[in-house]
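Chemist: Handing you this structure, nothing more for now.
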Amino acid sequence: MKKHIISLTTFFLLLLLVNSVSGQVFSCKVDGKFFSGKITEAFSTMLGEENFIKIKAEADDKIIYLYCKVSALKGETPIELKYREHNNEKSETPDSEIIWVPEGPERPQWNCVEGESIVTQYDAESKTISGTFEFVVEKFQYSSRADKKRPRAEITNGIFSNIQYIIEEPKTE
C-alpha cells in the first residue's frame, strides 16, 4: 500500500513538473470525455474588422480552436466573454467562441451555438492569457430535412493556462 501511494505521489509530481516546465495547459471534457491538447498555434490575428487571440490545441486527430476578442479584454480580471451569433449585417462577432474538430481537419467541424469563456489572467505586454470555458457545439453538416437536428456536444470544465501567443504580422500583397 505504501509503495502504491509513493508511486502515485511520484506520478503526480512528475505531471506537475511537466506542466510547469511547458507552462501551457489546455484541457476540457467533451461530452464527459477528457481532452488534453498540445498548443500548436497561439496568435493574435485580424478576423474581419476585429482582432482575436486564436488558440489551437491538438491531441491525436482531435483539434479545438478557441477565439477570444481582444477588444473585450478590457478592465480587471475575471473578464466574461460571451458567445453570440455572428451578424454580418451589423458587424457583430462573438466575444469568444470555440470550434471542435473531433475527426481530423478533413472532416466536418462542430461550431459553437452557446457558451462563454472567463479570462482569469491577461497580459498584453507579455502576451499571455489564461482562463476557463464552457460551450455547446453542433456538427456542421447539411441535411435536406429542415426538421433534422444537428448532433450536439457539451464542452465543459475547460481550462487554458499560461498560453503564450504571438502577434500575427499583417499580410501584404
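Going through the C-alpha cells in order, the chains are called A, B, and so on, while each chain numbers its residues from 1 and the ligands are numbered from 1 in the order shown.
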At a cut-off of 10 Å, using only C-alpha atoms, what residues contact segment 108-116 of chain A? Leave out same-chain residues fewer than 5 positions from it and give the result as a PyMOL selection string.

Modeler: chain A and resi 63-64+68+80-85+94-103+132-141+150-156

Chemist: Expressed in Å to a single decimal, how great is the separation between atom CA of Lys38 of chain A and atom CA of Asp60 of chain A?

Modeler: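 Between atom CA of Lys38 of chain A and atom CA of Asp60 of chain A the gap works out to 9.7 Å.
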
Chemist: Sorted by chain and rising residue number, which residues of segment 34-84 of chain A lie within 9 Å of segment 121-125 of chain A, and what are their closest atom pairs and distances in Å to one decimal, counting only C-alpha atoms, as a tab-separated table?

Modeler:
residue	atom	partner	partner_atom	distance
A:Leu73	CA	A:Tyr122	CA	7.5
A:Glu76	CA	A:Gln121	CA	9.0
A:Thr77	CA	A:Gln121	CA	6.3
A:Pro78	CA	A:Gln121	CA	7.2
A:Ile79	CA	A:Gln121	CA	8.7

Chemist: Would you list, as a VMD selection string, the residues of chain A that end up in strand (DSSP E) under DSSP run on this structure's backbone?

Modeler: chain A and resid 25 to 30 33 to 36 38 to 47 50 to 59 62 to 69 79 to 82 96 to 101 110 to 123 128 to 139 152 to 164 166 to 167

Chemist: Given the selection you just returned, output its residues as a file containing C-alpha atoms, formatted as a JSON list (two decimals), in the first residue's frame.

Modeler:
[["chain", "number", "residue", "atom", "x", "y", "z"],
["A", 25, "VAL", "CA", -2.20, 23.91, -20.37],
["A", 26, "PHE", "CA", -5.32, 23.32, -22.47],
["A", 27, "SER", "CA", -7.88, 20.75, -21.36],
["A", 28, "CYS", "CA", -11.62, 20.14, -21.15],
["A", 29, "LYS", "CA", -14.28, 17.47, -21.23],
["A", 30, "VAL", "CA", -16.23, 16.87, -24.43],
["A", 33, "LYS", "CA", -14.54, 12.53, -22.22],
["A", 34, "PHE", "CA", -11.27, 14.17, -21.18],
["A", 35, "PHE", "CA", -9.35, 16.15, -23.83],
["A", 36, "SER", "CA", -5.86, 17.48, -23.15],
["A", 38, "LYS", "CA", -0.89, 20.44, -27.03],
["A", 39, "ILE", "CA", -0.87, 24.09, -28.10],
["A", 40, "THR", "CA", 0.21, 24.11, -31.76],
["A", 41, "GLU", "CA", -0.77, 27.71, -32.53],
["A", 42, "ALA", "CA", -1.48, 30.77, -30.41],
["A", 43, "PHE", "CA", -1.55, 34.17, -32.05],
["A", 44, "SER", "CA", -3.40, 37.46, -32.28],
["A", 45, "THR", "CA", -4.94, 37.95, -35.70],
["A", 46, "MET", "CA", -7.47, 40.10, -37.52],
["A", 47, "LEU", "CA", -10.70, 38.31, -38.47],
["A", 50, "GLU", "CA", -11.86, 42.50, -35.18],
["A", 51, "ASN", "CA", -8.67, 41.33, -33.53],
["A", 52, "PHE", "CA", -8.84, 37.89, -31.87],
["A", 53, "ILE", "CA", -6.46, 35.68, -29.95],
["A", 54, "LYS", "CA", -6.69, 32.29, -31.65],
["A", 55, "ILE", "CA", -5.56, 29.22, -29.72],
["A", 56, "LYS", "CA", -5.27, 25.84, -31.45],
["A", 57, "ALA", "CA", -4.89, 22.72, -29.30],
["A", 58, "GLU", "CA", -4.39, 19.22, -30.75],
["A", 59, "ALA", "CA", -4.44, 15.68, -29.42],
["A", 62, "LYS", "CA", -8.78, 15.99, -32.50],
["A", 63, "ILE", "CA", -8.47, 19.79, -32.67],
["A", 64, "ILE", "CA", -10.03, 22.62, -30.68],
["A", 65, "TYR", "CA", -9.85, 26.27, -31.70],
["A", 66, "LEU", "CA", -10.63, 28.87, -29.03],
["A", 67, "TYR", "CA", -11.11, 32.52, -30.02],
["A", 68, "CYS", "CA", -11.10, 35.49, -27.64],
["A", 69, "LYS", "CA", -11.87, 39.02, -28.90],
["A", 79, "ILE", "CA", -13.49, 39.02, -17.74],
["A", 80, "GLU", "CA", -16.58, 37.24, -19.05],
["A", 81, "LEU", "CA", -16.56, 36.68, -22.82],
["A", 82, "LYS", "CA", -19.94, 35.51, -24.10],
["A", 96, "SER", "CA", -15.45, 34.23, -27.57],
["A", 97, "GLU", "CA", -16.21, 31.03, -29.41],
["A", 98, "ILE", "CA", -14.91, 27.54, -29.88],
["A", 99, "ILE", "CA", -14.69, 25.17, -32.84],
["A", 100, "TRP", "CA", -14.37, 21.42, -32.22],
["A", 101, "VAL", "CA", -12.84, 19.20, -34.90],
["A", 110, "TRP", "CA", -18.58, 21.40, -34.80],
["A", 111, "ASN", "CA", -19.47, 25.09, -34.45],
["A", 112, "CYS", "CA", -20.34, 26.98, -31.30],
["A", 113, "VAL", "CA", -24.01, 27.64, -30.54],
["A", 114, "GLU", "CA", -23.75, 28.88, -26.93],
["A", 115, "GLY", "CA", -21.31, 29.32, -24.07],
["A", 116, "GLU", "CA", -18.62, 31.55, -22.66],
["A", 117, "SER", "CA", -15.00, 31.95, -21.66],
["A", 118, "ILE", "CA", -13.86, 33.55, -18.43],
["A", 119, "VAL", "CA", -10.42, 35.15, -18.77],
["A", 120, "THR", "CA", -8.71, 34.98, -15.38],
["A", 121, "GLN", "CA", -5.34, 36.39, -16.49],
["A", 122, "TYR", "CA", -4.46, 38.57, -19.48],
["A", 123, "ASP", "CA", -1.21, 40.41, -20.03],
["A", 128, "THR", "CA", -0.14, 35.61, -22.11],
["A", 129, "ILE", "CA", -3.72, 34.59, -21.41],
["A", 130, "SER", "CA", -5.40, 32.12, -19.04],
["A", 131, "GLY", "CA", -8.97, 31.22, -18.19],
["A", 132, "THR", "CA", -11.82, 28.76, -18.27],
["A", 133, "PHE", "CA", -14.55, 27.92, -20.77],
["A", 134, "GLU", "CA", -17.79, 26.02, -21.34],
["A", 135, "PHE", "CA", -19.56, 25.78, -24.69],
["A", 136, "VAL", "CA", -22.13, 23.80, -26.66],
["A", 137, "VAL", "CA", -21.23, 22.93, -30.25],
["A", 138, "GLU", "CA", -23.18, 21.47, -33.17],
["A", 139, "LYS", "CA", -21.81, 19.38, -36.02],
["A", 152, "ARG", "CA", -24.56, 18.42, -30.29],
["A", 153, "ALA", "CA", -21.70, 18.13, -27.84],
["A", 154, "GLU", "CA", -21.13, 19.84, -24.49],
["A", 155, "ILE", "CA", -17.64, 21.14, -23.79],
["A", 156, "THR", "CA", -17.22, 21.58, -20.04],
["A", 157, "ASN", "CA", -14.51, 22.10, -17.41],
["A", 158, "GLY", "CA", -12.34, 23.89, -19.97],
["A", 159, "ILE", "CA", -9.03, 25.34, -18.83],
["A", 160, "PHE", "CA", -6.41, 27.29, -20.76],
["A", 161, "SER", "CA", -3.45, 28.42, -18.74],
["A", 162, "ASN", "CA", -0.29, 30.40, -19.43],
["A", 163, "ILE", "CA", -0.93, 30.48, -23.17],
["A", 164, "GLN", "CA", 1.86, 32.46, -24.80],
["A", 166, "ILE", "CA", 2.38, 35.99, -30.81],
["A", 167, "ILE", "CA", 1.15, 38.91, -32.90]]

Chemist: Chain A: which residues are helix (DSSP H, G or I) by DSSP, as an MDAnalysis selection string?

Modeler: chainID A and resid 2:22 70:72

Chemist: Record the distance separating atom CA of Glu89 of chain A and atom CA of Ser71 of chain A, expressed in Å with one decimal.

Modeler: 19.6 Å

Chemist: Find the distance between atom CA of Val70 of chain A and atom CA of Asn87 of chain A and write it in Å to one decimal.

Modeler: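 Taking atom CA of Val70 of chain A as the start and atom CA of Asn87 of chain A as the end point, the length is 18.1 Å.
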
Chemist: Using only C-alpha atoms, which of A:Ser91, A:His86, A:Gln24, A:Gly37 sits nearest Tyr165 of chain A?

Modeler: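 Closest candidate: A:Gln24.
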